[in-house]
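See structure below.
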Amino acid sequence: FYKHPKITLIGSFISTELIKNYQNVDQTLVLNKKSINLYKTLKELGEFDVFISFRGSLRAKLMKLYVSAKSKYQFDKKKYIKGHLVERYNNFVNDSLDINALPGKLILKTEKKNKDRKNKKLLGINPGASYGNAKRWYPKEFAHVASNLSSQYDIVIFGGPDEIDIATDIEQYLIQNHVFNYQNLAAKTTISELISQIENLDLFITGDSGPMHLAAA
């Protein structure tokens, strides 16, 4: 449809960081939810051939109104109700651009290649989970699994800023079990660094979380 498009990504910091290294991404724009200058910000982007929004919120509708584009399309969850969300988004894009593309496998592009490792295999432990404690496993249980695998794997503990405490608990349990071949990276990585770290793992043990989907990709 477009052989060499220039793509501008507009969204949250995390979403734009995840896919900013894809081919044809020309620029990214992170929008502050509290921004009162939405109109001015979007108008300064200039003219687009196509604007596609995967959100149906009022804010997204305002964005569609403010962005200058020859063609504009917005996802309607009432219209696309069958299938996995990936399939629904794919059908939405196909209908919008009058194409018939199949959803491909998600591959995340990393900025740097990982160095060859000569030590043990790497085990990643990620105790965080979507929607908080209701879907979290206990830190002692994560530590128990890690301790049992520590003779085969070096251990990397992951977590966001809200998961420093649980990552520290796992670390303390490991020390109590005389396991010292670990590193605690909770709240110490950028999005790009997290992707590269997870890519380098041999085994990843995690709850239902964003990093789980990164590992799958």
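Each chain in the structure tokens gets a letter, A, B, ..., in the order shown, and its residues are numbered from 1; ligands are numbered from 1 in order too.
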
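Those residues in segment 64-205 of chain A carrying a DSSP assignment of strand (DSSP E), computed from the backbone, are Ser68, Ala69, Lys70, Ser71, Lys72, Tyr73, Gln74, Lys121, Leu122, Leu123, Gly124, Ile125, Asn126, Tyr153, Asp154, Ile155, Val156, Ile157, Tyr182, Gln183, Asn184, Leu203, Phe204 and Ile205 of chain A.
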
Just write the chosen residues, N, CA, C and O atoms, as a compact mmCIF listing (two decimals), in the first residue's frame.
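New file out-v1.txt:
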# COMPACT_ATOMS: atom_id res chain seq x y z
N SER A 68 -4.14 16.78 11.31
CA SER A 68 -4.35 17.08 9.90
C SER A 68 -3.97 15.86 9.06
O SER A 68 -2.80 15.48 9.02
N ALA A 69 -4.96 15.24 8.43
CA ALA A 69 -4.70 14.06 7.61
C ALA A 69 -5.75 13.95 6.52
O ALA A 69 -6.91 14.32 6.71
N LYS A 70 -5.34 13.40 5.38
CA LYS A 70 -6.26 13.24 4.26
C LYS A 70 -7.31 12.18 4.57
O LYS A 70 -8.47 12.30 4.17
N SER A 71 -6.88 11.12 5.27
CA SER A 71 -7.81 10.05 5.66
C SER A 71 -7.61 9.74 7.13
O SER A 71 -6.47 9.70 7.61
N LYS A 72 -8.73 9.54 7.83
CA LYS A 72 -8.66 9.26 9.27
C LYS A 72 -9.52 8.06 9.61
O LYS A 72 -10.66 7.94 9.14
N TYR A 73 -8.96 7.17 10.45
CA TYR A 73 -9.68 5.96 10.83
C TYR A 73 -9.52 5.75 12.34
O TYR A 73 -8.44 5.93 12.90
N GLN A 74 -10.63 5.34 12.98
CA GLN A 74 -10.61 5.12 14.43
C GLN A 74 -11.26 3.80 14.77
O GLN A 74 -12.33 3.46 14.27
N LYS A 121 23.68 -20.49 32.26
CA LYS A 121 22.48 -19.96 31.60
C LYS A 121 21.82 -18.94 32.52
O LYS A 121 22.09 -18.89 33.72
N LEU A 122 20.95 -18.11 31.94
CA LEU A 122 20.32 -17.03 32.70
C LEU A 122 18.84 -17.31 32.97
O LEU A 122 18.09 -17.65 32.05
N LEU A 123 18.46 -17.14 34.22
CA LEU A 123 17.06 -17.26 34.64
C LEU A 123 16.54 -15.88 35.04
O LEU A 123 17.15 -15.20 35.86
N GLY A 124 15.45 -15.47 34.45
CA GLY A 124 14.82 -14.21 34.83
C GLY A 124 13.64 -14.45 35.76
O GLY A 124 12.82 -15.35 35.52
N ILE A 125 13.56 -13.66 36.83
CA ILE A 125 12.45 -13.75 37.78
C ILE A 125 11.73 -12.40 37.77
O ILE A 125 12.34 -11.35 38.04
N ASN A 126 10.45 -12.42 37.43
CA ASN A 126 9.68 -11.18 37.38
C ASN A 126 8.42 -11.35 38.24
O ASN A 126 7.44 -11.93 37.80
N TYR A 153 21.56 -21.96 36.76
CA TYR A 153 21.33 -20.64 36.16
C TYR A 153 21.86 -19.53 37.07
O TYR A 153 21.78 -19.61 38.29
N ASP A 154 22.38 -18.48 36.45
CA ASP A 154 22.52 -17.21 37.14
C ASP A 154 21.17 -16.52 37.10
O ASP A 154 20.41 -16.67 36.12
N ILE A 155 20.87 -15.73 38.10
CA ILE A 155 19.51 -15.23 38.30
C ILE A 155 19.47 -13.72 38.13
O ILE A 155 20.32 -12.99 38.66
N VAL A 156 18.46 -13.25 37.42
CA VAL A 156 18.21 -11.82 37.27
C VAL A 156 16.80 -11.53 37.75
O VAL A 156 15.84 -12.14 37.27
N ILE A 157 16.67 -10.61 38.70
CA ILE A 157 15.36 -10.23 39.24
C ILE A 157 14.93 -8.95 38.56
O ILE A 157 15.66 -7.95 38.55
N TYR A 182 23.15 -13.79 41.70
CA TYR A 182 21.97 -13.07 41.21
C TYR A 182 22.30 -11.60 41.07
O TYR A 182 23.28 -11.09 41.62
N GLN A 183 21.44 -10.90 40.33
CA GLN A 183 21.46 -9.44 40.31
C GLN A 183 20.03 -8.94 40.35
O GLN A 183 19.14 -9.54 39.74
N ASN A 184 19.81 -7.88 41.07
CA ASN A 184 18.47 -7.30 41.23
C ASN A 184 18.39 -6.04 40.37
O ASN A 184 19.01 -5.02 40.69
N LEU A 203 15.56 -18.73 30.44
CA LEU A 203 14.30 -19.11 31.08
C LEU A 203 13.74 -17.89 31.81
O LEU A 203 14.49 -17.13 32.43
N PHE A 204 12.43 -17.70 31.71
CA PHE A 204 11.78 -16.54 32.33
C PHE A 204 10.59 -17.02 33.14
O PHE A 204 9.69 -17.68 32.60
N ILE A 205 10.56 -16.71 34.42
CA ILE A 205 9.45 -17.08 35.29
C ILE A 205 8.78 -15.79 35.75
O ILE A 205 9.41 -14.95 36.39

Sel. of helix (DSSP H, G or I) residues, segment 59-170 of chain A, as a PyMOL selection string: chain A and resi 59-66+85-97+132-135+139-149+161-170

Exercise: Ser151 of chain A partners within 10 Å, only C-alpha atoms, chain neighbours under 4 positions left out, as a list in words: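 Listed by chain and then number, they are Lys120, Lys121, Ala146, Ser147, Val179 and Asn181 of chain A.
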
Close residues, segment 10-12 of chain A itself excluded, 9 Å, only C-alpha atoms, min 3 positions apart in chain, as a list of chain:residue names: A:Ser15, A:Thr16, A:Glu17, A:Gln27, A:Thr28, A:Leu29, A:Val30, A:Leu31, A:Asn32, A:Lys33

Can you tell me which residues surround Ala60 of chain A at a distance of at most 10 Å, considering only C-alpha atoms, apart from same-chain residues fewer than 5 positions away, and format the answer as a PDB file with C-alpha atoms, in the first residue's frame?
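Output contents, as saved in out.pdb:
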ATOM      1  CA  GLY A  11       0.970   7.505  22.480  1.00  0.00           C
ATOM      2  CA  SER A  53      -6.134   5.436  16.041  1.00  0.00           C
ATOM      3  CA  PHE A  54      -6.517   2.178  17.932  1.00  0.00           C
ATOM      4  CA  ARG A  55      -8.253   3.894  20.843  1.00  0.00           C
ATOM      5  CA  LEU A  65     -10.337  15.817  15.107  1.00  0.00           C
ATOM      6  CA  TYR A  66      -7.174  17.860  15.618  1.00  0.00           C
ATOM      7  CA  GLN A  74     -10.605   5.124  14.429  1.00  0.00           C
ATOM      8  CA  PHE A  75     -11.077   1.706  16.008  1.00  0.00           C
TER       9      PHE A  75
END

Counting only C-alpha atoms, the residue of A:Lys61, A:Ala167, A:Gly104, A:Glu87 that sits nearest Trp137 of chain A: A:Ala167

Point-to-point distance from atom CA of Lys109 of chain A to atom CA of Tyr22 of chain A, Å rounded to tenths: 6.3 Å

Exercise: Ala129 of chain A partners within 7 Å, only C-alpha atoms, chain neighbours under 3 positions left out, as a PyMOL selection string: chain A and resi 132+135-136+207-209

Polymer residues at most 12 Å from Asp165 of chain A, only C-alpha atoms, same-chain spacing of 3 or more positions, as a PyMOL selection string: chain A and resi 127-128+139+157-162+168-172+184+186-187

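Of note, atom CA of Leu9 of chain A and atom CA of Ile99 of chain A are spaced 21.1 Å apart.
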